[in-house]
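Reviewing the structure listed below.
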Amino acid sequence: MLSTSLLRYTGHQSIRGNTILTRGRSFWDVHIDRSHAGQISLGVCIDAQSANQYIGQSNAGYAYNGSSGKKAFSGVAQEYGPKFGQGDTIRIMVDMDDRTISFCKNGETLGIAFFGIPSKLFPAFSLYHANDLITLRKFGTY
């Protein structure tokens with residue numbers, strides 16, 4: 001397991017994983033251990049993702065946002081699923097063969113959020129508030 005938190009308020013901070021997704025079907029589960037306002041974004045990004053922008057704020061990332069339940073890419077947020085926050089577990093599912101991204105909340109599949117994704121992506125997440133805490137619980141293939 002891997003846990004991370006934002007130790008002090010500095011605005012949006014994004015972290016990109018080091019696992020490169022180029023083929024096959026991968027998933028990972030993220031548990032929201034502590035969230036003050038749900039301003040957590042979970043998803044994937046390309047190399048160019050800025051650490052000072054939330055995932056989905058630019059065309060470098062694709063995300064599901066906890067405070068709104070919306071999906072975001074290139075700064076455009078669209079209706080997608082329910083809000084999520086403290087105590088929830090979100091599964092991110094990336095199908096590099098079909099080039100899609102889907103999410104689940106607490107075991108409930110929310111459907112495909114994004115189609116036509118780039119051929120090289122990295123797991124990513126964004127935190128906003130000091131002391132928000134998430135844990136990567138599982139990483140695998142499906």
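FYI, nothing fancy with the structure tokens labels: chains A, B, ... in order, residues from 1 per chain, ligands from 1 as they appear.
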| task | Tell me which protein, DNA and RNA residues are within 10 Å of stretch 88-104 of chain A, counting only C-alpha atoms, leaving out same-chain ones fewer than 5 positions away, and put them as a PyMOL selection string. | result | chain A and resi 21-34+42-44+62-64+66+71+80-81+83+109-121+123+134-142
Resulting file, chosen residues, C-alpha atoms, as a PDB file, in the first residue's frame:
ATOM      1  CA  LEU A  21       0.351   2.420 -19.089  1.00  0.00           C
ATOM      2  CA  THR A  22       0.723   1.562 -22.798  1.00  0.00           C
ATOM      3  CA  ARG A  23      -1.269  -1.664 -23.333  1.00  0.00           C
ATOM      4  CA  GLY A  24      -3.665  -4.016 -21.627  1.00  0.00           C
ATOM      5  CA  ARG A  25      -6.247  -3.279 -18.947  1.00  0.00           C
ATOM      6  CA  SER A  26      -5.088  -1.917 -15.580  1.00  0.00           C
ATOM      7  CA  PHE A  27      -6.908  -0.829 -12.450  1.00  0.00           C
ATOM      8  CA  TRP A  28      -6.071   0.635  -9.062  1.00  0.00           C
ATOM      9  CA  ASP A  29      -8.142   1.324  -5.971  1.00  0.00           C
ATOM     10  CA  VAL A  30      -7.746   4.571  -4.047  1.00  0.00           C
ATOM     11  CA  HIS A  31      -9.257   4.900  -0.581  1.00  0.00           C
ATOM     12  CA  ILE A  32     -10.082   8.415   0.606  1.00  0.00           C
ATOM     13  CA  ASP A  33      -8.833   8.306   4.201  1.00  0.00           C
ATOM     14  CA  ARG A  34      -9.286  11.981   4.970  1.00  0.00           C
ATOM     15  CA  LEU A  42      -8.185  10.816  -9.449  1.00  0.00           C
ATOM     16  CA  GLY A  43      -7.238   9.606 -12.913  1.00  0.00           C
ATOM     17  CA  VAL A  44      -4.362   9.542 -15.367  1.00  0.00           C
ATOM     18  CA  TYR A  62      -8.207  12.921 -17.323  1.00  0.00           C
ATOM     19  CA  ALA A  63      -9.910  12.867 -13.921  1.00  0.00           C
ATOM     20  CA  TYR A  64     -12.933  12.114 -11.755  1.00  0.00           C
ATOM     21  CA  GLY A  66     -14.680  14.164  -5.645  1.00  0.00           C
ATOM     22  CA  LYS A  71     -15.174  14.121 -15.058  1.00  0.00           C
ATOM     23  CA  TYR A  80     -20.413  11.897 -14.705  1.00  0.00           C
ATOM     24  CA  GLY A  81     -21.104  10.277 -11.326  1.00  0.00           C
ATOM     25  CA  LYS A  83     -19.514  12.981  -5.453  1.00  0.00           C
ATOM     26  CA  THR A 109     -19.374   0.795 -11.893  1.00  0.00           C
ATOM     27  CA  LEU A 110     -20.007   4.309 -13.202  1.00  0.00           C
ATOM     28  CA  GLY A 111     -19.400   3.544 -16.888  1.00  0.00           C
ATOM     29  CA  ILE A 112     -16.885   4.820 -19.390  1.00  0.00           C
ATOM     30  CA  ALA A 113     -15.823   8.394 -18.689  1.00  0.00           C
ATOM     31  CA  PHE A 114     -13.331   8.948 -21.516  1.00  0.00           C
ATOM     32  CA  PHE A 115     -12.789   7.517 -25.009  1.00  0.00           C
ATOM     33  CA  GLY A 116      -9.853   7.934 -27.389  1.00  0.00           C
ATOM     34  CA  ILE A 117      -7.215   8.427 -24.705  1.00  0.00           C
ATOM     35  CA  PRO A 118      -3.491   8.813 -25.543  1.00  0.00           C
ATOM     36  CA  SER A 119      -1.309   5.723 -26.013  1.00  0.00           C
ATOM     37  CA  LYS A 120       0.979   6.431 -23.017  1.00  0.00           C
ATOM     38  CA  LEU A 121      -0.444   7.402 -19.617  1.00  0.00           C
ATOM     39  CA  PRO A 123      -1.709   6.990 -12.831  1.00  0.00           C
ATOM     40  CA  ILE A 134      -5.452   8.906   0.255  1.00  0.00           C
ATOM     41  CA  THR A 135      -4.182   5.320   0.146  1.00  0.00           C
ATOM     42  CA  LEU A 136      -3.481   3.216  -2.942  1.00  0.00           C
ATOM     43  CA  ARG A 137      -4.884  -0.136  -1.871  1.00  0.00           C
ATOM     44  CA  LYS A 138      -4.591  -2.326  -4.923  1.00  0.00           C
ATOM     45  CA  PHE A 139      -3.065  -2.255  -8.398  1.00  0.00           C
ATOM     46  CA  GLY A 140      -3.668  -4.955 -10.988  1.00  0.00           C
ATOM     47  CA  THR A 141      -5.062  -6.027 -14.346  1.00  0.00           C
ATOM     48  CA  TYR A 142      -8.566  -7.022 -15.371  1.00  0.00           C
TER      49      TYR A 142
END
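Each of A:Asn106, A:Asn131, A:Ser68, A:Asn18 was compared to A:Ile46 using only C-alpha atoms, and A:Asn18 turns out to be the nearest.
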| request: From a DSSP calculation on the backbone, collect every residue of chain A in strand (DSSP E) and output the set as a ChimeraX atom specification. | output: /A:2-5,13-16,25-34,41-45,61-65,71-73,76-78,89-95,100-105,108-115,122-127,133-141
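Counting from atom CA of A:Ile15, the distance to atom CA of A:Glu108 is 25.5 Å.
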What's around stretch 124-129 of chain A at 6 Å? Count only C-alpha atoms, leave out sequence neighbours fewer than 5 positions away in its own chain, and write the answer as a PDB file with C-alpha atoms, in the first residue's frame.
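File produced: selection-v6.pdb:
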ATOM      1  CA  TYR A   9      -2.086  24.137   2.072  1.00  0.00           C
ATOM      2  CA  GLY A  11      -3.277  24.894  -3.646  1.00  0.00           C
ATOM      3  CA  HIS A  12      -3.657  22.011  -6.056  1.00  0.00           C
ATOM      4  CA  GLN A  13      -0.785  19.562  -5.970  1.00  0.00           C
ATOM      5  CA  SER A  14      -0.680  16.670  -8.423  1.00  0.00           C
ATOM      6  CA  ILE A  15       1.401  13.534  -8.294  1.00  0.00           C
ATOM      7  CA  ARG A  16       2.095  11.268 -11.232  1.00  0.00           C
ATOM      8  CA  GLY A  17       2.849   7.595 -10.691  1.00  0.00           C
ATOM      9  CA  GLN A  39     -11.375  18.393  -3.638  1.00  0.00           C
ATOM     10  CA  ILE A  40      -9.496  15.300  -4.726  1.00  0.00           C
ATOM     11  CA  SER A  41      -9.097  14.347  -8.386  1.00  0.00           C
ATOM     12  CA  LEU A  42      -8.185  10.816  -9.449  1.00  0.00           C
ATOM     13  CA  GLY A  43      -7.238   9.606 -12.913  1.00  0.00           C
ATOM     14  CA  VAL A  44      -4.362   9.542 -15.367  1.00  0.00           C
ATOM     15  CA  TYR A  54      -5.251  19.531 -10.776  1.00  0.00           C
TER      16      TYR A  54
END
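In this structure, atom CA of A:Gly107 sits 12.6 Å away from atom CA of A:Phe84.
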| Computed interatomic separation between atom CA of A:Ala130 and atom CA of A:Ser35 (Å) | 9.1 Å
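Proximity to A:Cys45 at 6 Å, evaluated using only C-alpha atoms and with sequence-adjacent residues fewer than 3 positions away removed, yields Ala60, Gly61, Leu121 and Phe122 of chain A.
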